[in-house]
Amino acid sequence: MIEYIKTNISVLIYAKGGAFILDKFSGILAVNHFLHGEKFDRLHAHLVKSARKSGIHLDVKTNLELACQKSVNADFVLFWDKDVNLALHLEKQGVRVFNSASSIAKCDDKARTYIELDGIVPQPETLIAPKCYYKSDMTDFVSFAVKELGLPLVFKECFGSFGMQVYLCGSEEEIFSHISEKPFLLQKFITESVGRDRRLEIVNSKCVCAVLRENKNDFRSNVTNGGTMTPYAPSEEEIQKAVLACDTLGLTFGGVDILENGDVCEVNSNAHIINIMQATGLDIAPMIFNTILEKIK
């Protein structure tokens, strides 16, 4: 015999052998089908476990799987990917997506991020390359950029993660070696921030955690490139900048990178929270799920 007992959190089913829980809410964790590795598996498993503690059944699905479904039946989608078109398609079906398709698009494209935050928070001086449809002659643009920004300068492809497709260029020849048909921008090199920045984690317009990132062997501070993280107490000014950046981009949660001179360097719509947890002992996942529950109830 099975007995159902309702609580304000979930439904307990008492059956032979004990009780188990039917979660009150159902969600989908959207991840990329083509990215594999232990760090991704660990992150996904952690999010699923954390969701369960919040009374949420979280089903992991890849963007390929979701693209092959005609419809999605869930209370929300936690979108841990950059497949903006898929996120937008899910929203068109009436599904709540966190972060939103619009926010992901604004963060994924570094040129778009710069434009959205221009005049809102301080950023390194930046020049966005003109759009082209094949590998074109960028001599005039590169010459202008070198004159305006100086050398060395930072070359960034507009789309990339983990510090990849980001290069420090000491000459025009180096700049040209990285130019392809892919969109890119050139940015003033902030010398006092070589291999060093602060990552502030924002959830629901609040700074919940911060770390100092340092890399003694690379101008990029990313942990993926050999950097380290240590707990950091951000200033009130840094917190205000990070919160304003996330609010401007419409992020429910995000990671904001701030350089030594106070410039906002990048904003991440799905920063790798396992690295933060290892460095600080603070688990951000429950905060994300609690915020999502507040928004969908």
# chains A, B, ... in the order shown; residues from 1 in each chain; ligands from 1
$ select_by_dssp --residues "region 28-192 of chain A" --states "strand (DSSP E)" --output "MDAnalysis selection string"
chainID A and resid 28:31 56:62 76:79 96:98 126:128 153:157 166:169 184:188
$ residues_around --residues "Ile273 (chain A)" --least-positions-apart "2" --cutoff "12 Å" --atoms "only C-alpha atoms" --output "count of residues only"
39
$ closest_residue --among "A:Cys207, A:Leu153, A:Leu88, A:Val95" --to "Ser71 (chain A)" --atoms "only C-alpha atoms"
A:Val95
$ closest_residue --among "A:Val154, A:Ile28, A:Ile175, A:Val264" --to "Gly119 (chain A)" --atoms "only C-alpha atoms"
A:Val264
$ residues_around --residues "Phe141 (chain A)" --least-positions-apart "6" --cutoff "10 Å" --atoms "only C-alpha atoms" --output "PyMOL selection string"
chain A and resi 127-130+147+186
$ write_last_selection --atoms "N, CA, C and O atoms" --output "short mmCIF file (atom, residue, chain, number, x, y, z; two decimals), in the first residue's frame"
data_model
loop_
_atom_site.label_atom_id
_atom_site.label_comp_id
_atom_site.auth_asym_id
_atom_site.auth_seq_id
_atom_site.Cartn_x
_atom_site.Cartn_y
_atom_site.Cartn_z
N LEU A 127 38.78 48.97 -29.26
CA LEU A 127 38.38 49.23 -30.65
C LEU A 127 37.86 47.92 -31.24
O LEU A 127 38.54 46.88 -31.18
N ILE A 128 36.66 47.98 -31.79
CA ILE A 128 36.02 46.79 -32.35
C ILE A 128 36.28 46.75 -33.86
O ILE A 128 36.01 47.73 -34.56
N ALA A 129 36.80 45.64 -34.32
CA ALA A 129 37.14 45.52 -35.75
C ALA A 129 35.88 45.59 -36.61
O ALA A 129 34.83 45.08 -36.22
N PRO A 130 35.97 46.22 -37.78
CA PRO A 130 34.81 46.27 -38.68
C PRO A 130 34.45 44.87 -39.18
O PRO A 130 35.32 44.01 -39.33
N LYS A 147 48.20 53.15 -33.03
CA LYS A 147 48.39 54.56 -32.71
C LYS A 147 47.57 54.97 -31.49
O LYS A 147 48.04 55.73 -30.63
N LEU A 186 40.39 44.89 -30.37
CA LEU A 186 41.72 45.20 -29.84
C LEU A 186 41.53 46.08 -28.61
O LEU A 186 40.69 46.98 -28.61
#
$ residues_around --residues "Gly94 (chain A)" --least-positions-apart "3" --cutoff "12 Å" --atoms "only C-alpha atoms" --output "number ranges by chain"
A: 71-77, 87-91, 97
$ write_last_selection --atoms "C-alpha atoms" --output "tab-separated table (two decimals), in the first residue's frame"
chain	number	residue	atom	x	y	z
A	71	SER	CA	8.72	20.88	-26.98
A	72	VAL	CA	10.08	21.04	-23.45
A	73	ASN	CA	8.07	20.25	-20.32
A	74	ALA	CA	9.78	21.87	-17.34
A	75	ASP	CA	9.31	24.72	-14.91
A	76	PHE	CA	12.58	26.28	-16.01
A	77	VAL	CA	15.85	25.70	-17.84
A	87	ALA	CA	17.85	29.49	-25.47
A	88	LEU	CA	15.73	31.89	-27.50
A	89	HIS	CA	13.76	28.99	-29.00
A	90	LEU	CA	13.00	27.66	-25.51
A	91	GLU	CA	11.83	31.09	-24.39
A	97	VAL	CA	15.43	30.33	-19.05
$ closest_residue --among "A:Phe34, A:Phe159, A:Phe184, A:Phe25" --to "Ala51 (chain A)" --atoms "only C-alpha atoms"
A:Phe25
$ select_by_dssp --residues "region 89-283 of chain A" --states "helix (DSSP H, G or I)" --output "PyMOL selection string"
chain A and resi 89-92+101-108+110-117+139-149+172-178+191-193+223-225+236-249+273-280
$ residues_around --residues "region 102-107 of chain A" --least-positions-apart "4" --cutoff "6 Å" --atoms "only C-alpha atoms" --output "list in words"
Arg112, Thr113, Leu249, Gly250, Leu251 and Ser269 of chain A
$ write_last_selection --atoms "N, CA, C and O atoms" --output "PDB file, in the first residue's frame"
ATOM      1  N   ARG A 112      29.910  42.965 -27.988  1.00  0.00           N
ATOM      2  CA  ARG A 112      28.575  43.337 -27.509  1.00  0.00           C
ATOM      3  C   ARG A 112      28.632  43.705 -26.023  1.00  0.00           C
ATOM      4  O   ARG A 112      27.991  44.672 -25.594  1.00  0.00           O
ATOM      5  N   THR A 113      29.398  42.953 -25.241  1.00  0.00           N
ATOM      6  CA  THR A 113      29.550  43.267 -23.822  1.00  0.00           C
ATOM      7  C   THR A 113      30.105  44.672 -23.640  1.00  0.00           C
ATOM      8  O   THR A 113      29.606  45.465 -22.836  1.00  0.00           O
ATOM      9  N   LEU A 249      23.360  43.916 -17.958  1.00  0.00           N
ATOM     10  CA  LEU A 249      23.306  42.821 -18.923  1.00  0.00           C
ATOM     11  C   LEU A 249      22.117  41.891 -18.683  1.00  0.00           C
ATOM     12  O   LEU A 249      21.915  40.956 -19.442  1.00  0.00           O
ATOM     13  N   GLY A 250      21.361  42.140 -17.609  1.00  0.00           N
ATOM     14  CA  GLY A 250      20.174  41.343 -17.327  1.00  0.00           C
ATOM     15  C   GLY A 250      20.451  39.977 -16.749  1.00  0.00           C
ATOM     16  O   GLY A 250      19.629  39.066 -16.878  1.00  0.00           O
ATOM     17  N   LEU A 251      21.576  39.803 -16.082  1.00  0.00           N
ATOM     18  CA  LEU A 251      21.967  38.500 -15.552  1.00  0.00           C
ATOM     19  C   LEU A 251      21.330  38.217 -14.201  1.00  0.00           C
ATOM     20  O   LEU A 251      21.381  39.045 -13.296  1.00  0.00           O
ATOM     21  N   SER A 269      28.370  34.737 -18.174  1.00  0.00           N
ATOM     22  CA  SER A 269      26.996  34.354 -17.856  1.00  0.00           C
ATOM     23  C   SER A 269      26.912  32.988 -17.190  1.00  0.00           C
ATOM     24  O   SER A 269      25.878  32.633 -16.623  1.00  0.00           O
TER      25      SER A 269
END
$ residues_around --residues "Pro122 (chain A)" --least-positions-apart "4" --cutoff "10 Å" --atoms "only C-alpha atoms" --output "list in words"
Tyr114, Leu117, Asp118, Lys241, Ala245, Ile258, Asn261, Gly262, Asp263, Val264 and Cys265 of chain A
$ write_last_selection --atoms "all heavy atoms" --output "mmCIF file, in the first residue's frame"
data_model
loop_
_atom_site.group_PDB
_atom_site.id
_atom_site.type_symbol
_atom_site.label_atom_id
_atom_site.label_comp_id
_atom_site.auth_asym_id
_atom_site.auth_seq_id
_atom_site.Cartn_x
_atom_site.Cartn_y
_atom_site.Cartn_z
ATOM 1 N N TYR A 114 31.156 44.961 -24.407
ATOM 2 C CA TYR A 114 31.787 46.287 -24.298
ATOM 3 C C TYR A 114 30.786 47.392 -24.622
ATOM 4 O O TYR A 114 30.689 48.392 -23.903
ATOM 5 C CB TYR A 114 32.990 46.376 -25.237
ATOM 6 C CG TYR A 114 33.600 47.752 -25.251
ATOM 7 C CD1 TYR A 114 34.444 48.173 -24.224
ATOM 8 C CD2 TYR A 114 33.312 48.655 -26.279
ATOM 9 C CE1 TYR A 114 34.974 49.455 -24.211
ATOM 10 C CE2 TYR A 114 33.845 49.933 -26.274
ATOM 11 C CZ TYR A 114 34.670 50.323 -25.240
ATOM 12 O OH TYR A 114 35.194 51.598 -25.227
ATOM 13 N N LEU A 117 28.100 47.908 -21.880
ATOM 14 C CA LEU A 117 28.601 48.483 -20.634
ATOM 15 C C LEU A 117 29.293 49.829 -20.827
ATOM 16 O O LEU A 117 29.672 50.477 -19.843
ATOM 17 C CB LEU A 117 29.578 47.508 -19.971
ATOM 18 C CG LEU A 117 28.997 46.166 -19.515
ATOM 19 C CD1 LEU A 117 30.079 45.315 -18.863
ATOM 20 C CD2 LEU A 117 27.823 46.366 -18.564
ATOM 21 N N ASP A 118 29.448 50.246 -22.077
ATOM 22 C CA ASP A 118 30.127 51.510 -22.364
ATOM 23 C C ASP A 118 29.372 52.671 -21.716
ATOM 24 O O ASP A 118 28.170 52.858 -21.927
ATOM 25 C CB ASP A 118 30.210 51.721 -23.879
ATOM 26 C CG ASP A 118 31.082 52.908 -24.247
ATOM 27 O OD1 ASP A 118 31.970 53.255 -23.457
ATOM 28 O OD2 ASP A 118 30.858 53.493 -25.336
ATOM 29 N N LYS A 241 30.346 48.109 -9.039
ATOM 30 C CA LYS A 241 30.628 47.932 -10.467
ATOM 31 C C LYS A 241 30.134 46.578 -10.963
ATOM 32 O O LYS A 241 29.521 46.475 -12.031
ATOM 33 C CB LYS A 241 32.131 48.056 -10.728
ATOM 34 C CG LYS A 241 32.696 49.440 -10.582
ATOM 35 C CD LYS A 241 34.202 49.405 -10.790
ATOM 36 C CE LYS A 241 34.837 50.764 -10.524
ATOM 37 N NZ LYS A 241 36.315 50.702 -10.646
ATOM 38 N N ALA A 245 27.167 45.958 -13.605
ATOM 39 C CA ALA A 245 27.439 45.269 -14.867
ATOM 40 C C ALA A 245 26.444 44.138 -15.099
ATOM 41 O O ALA A 245 25.870 43.997 -16.187
ATOM 42 C CB ALA A 245 28.869 44.732 -14.879
ATOM 43 N N ILE A 258 37.381 42.078 -12.737
ATOM 44 C CA ILE A 258 37.791 43.462 -12.560
ATOM 45 C C ILE A 258 39.315 43.512 -12.462
ATOM 46 O O ILE A 258 39.931 42.780 -11.683
ATOM 47 C CB ILE A 258 37.149 44.073 -11.296
ATOM 48 C CG1 ILE A 258 35.619 44.049 -11.425
ATOM 49 C CG2 ILE A 258 37.645 45.500 -11.087
ATOM 50 C CD1 ILE A 258 34.891 44.631 -10.226
ATOM 51 N N ASN A 261 43.321 48.185 -12.113
ATOM 52 C CA ASN A 261 43.028 49.618 -12.192
ATOM 53 C C ASN A 261 41.544 49.930 -12.015
ATOM 54 O O ASN A 261 41.127 51.083 -12.135
ATOM 55 C CB ASN A 261 43.529 50.189 -13.510
ATOM 56 C CG ASN A 261 42.719 49.697 -14.701
ATOM 57 O OD1 ASN A 261 42.024 48.670 -14.607
ATOM 58 N ND2 ASN A 261 42.790 50.406 -15.813
ATOM 59 N N GLY A 262 40.723 48.891 -11.755
ATOM 60 C CA GLY A 262 39.301 49.087 -11.531
ATOM 61 C C GLY A 262 38.431 48.893 -12.755
ATOM 62 O O GLY A 262 37.204 48.975 -12.658
ATOM 63 N N ASP A 263 39.037 48.627 -13.906
ATOM 64 C CA ASP A 263 38.256 48.401 -15.128
ATOM 65 C C ASP A 263 37.577 47.038 -15.092
ATOM 66 O O ASP A 263 38.170 46.038 -14.654
ATOM 67 C CB ASP A 263 39.147 48.450 -16.369
ATOM 68 C CG ASP A 263 39.547 49.874 -16.733
ATOM 69 O OD1 ASP A 263 39.047 50.815 -16.108
ATOM 70 O OD2 ASP A 263 40.386 50.034 -17.653
ATOM 71 N N VAL A 264 36.339 46.990 -15.570
ATOM 72 C CA VAL A 264 35.661 45.711 -15.791
ATOM 73 C C VAL A 264 36.188 45.129 -17.097
ATOM 74 O O VAL A 264 36.098 45.762 -18.154
ATOM 75 C CB VAL A 264 34.137 45.898 -15.866
ATOM 76 C CG1 VAL A 264 33.452 44.601 -16.289
ATOM 77 C CG2 VAL A 264 33.595 46.352 -14.510
ATOM 78 N N CYS A 265 36.737 43.920 -17.013
ATOM 79 C CA CYS A 265 37.371 43.307 -18.172
ATOM 80 C C CYS A 265 36.407 42.419 -18.947
ATOM 81 O O CYS A 265 36.304 42.525 -20.172
ATOM 82 C CB CYS A 265 38.581 42.499 -17.716
ATOM 83 S SG CYS A 265 39.475 41.674 -19.049
#
$ closest_residue --among "A:Leu78, A:Leu212, A:Leu151, A:Ile179" --to "Tyr134 (chain A)" --atoms "only C-alpha atoms"
A:Ile179
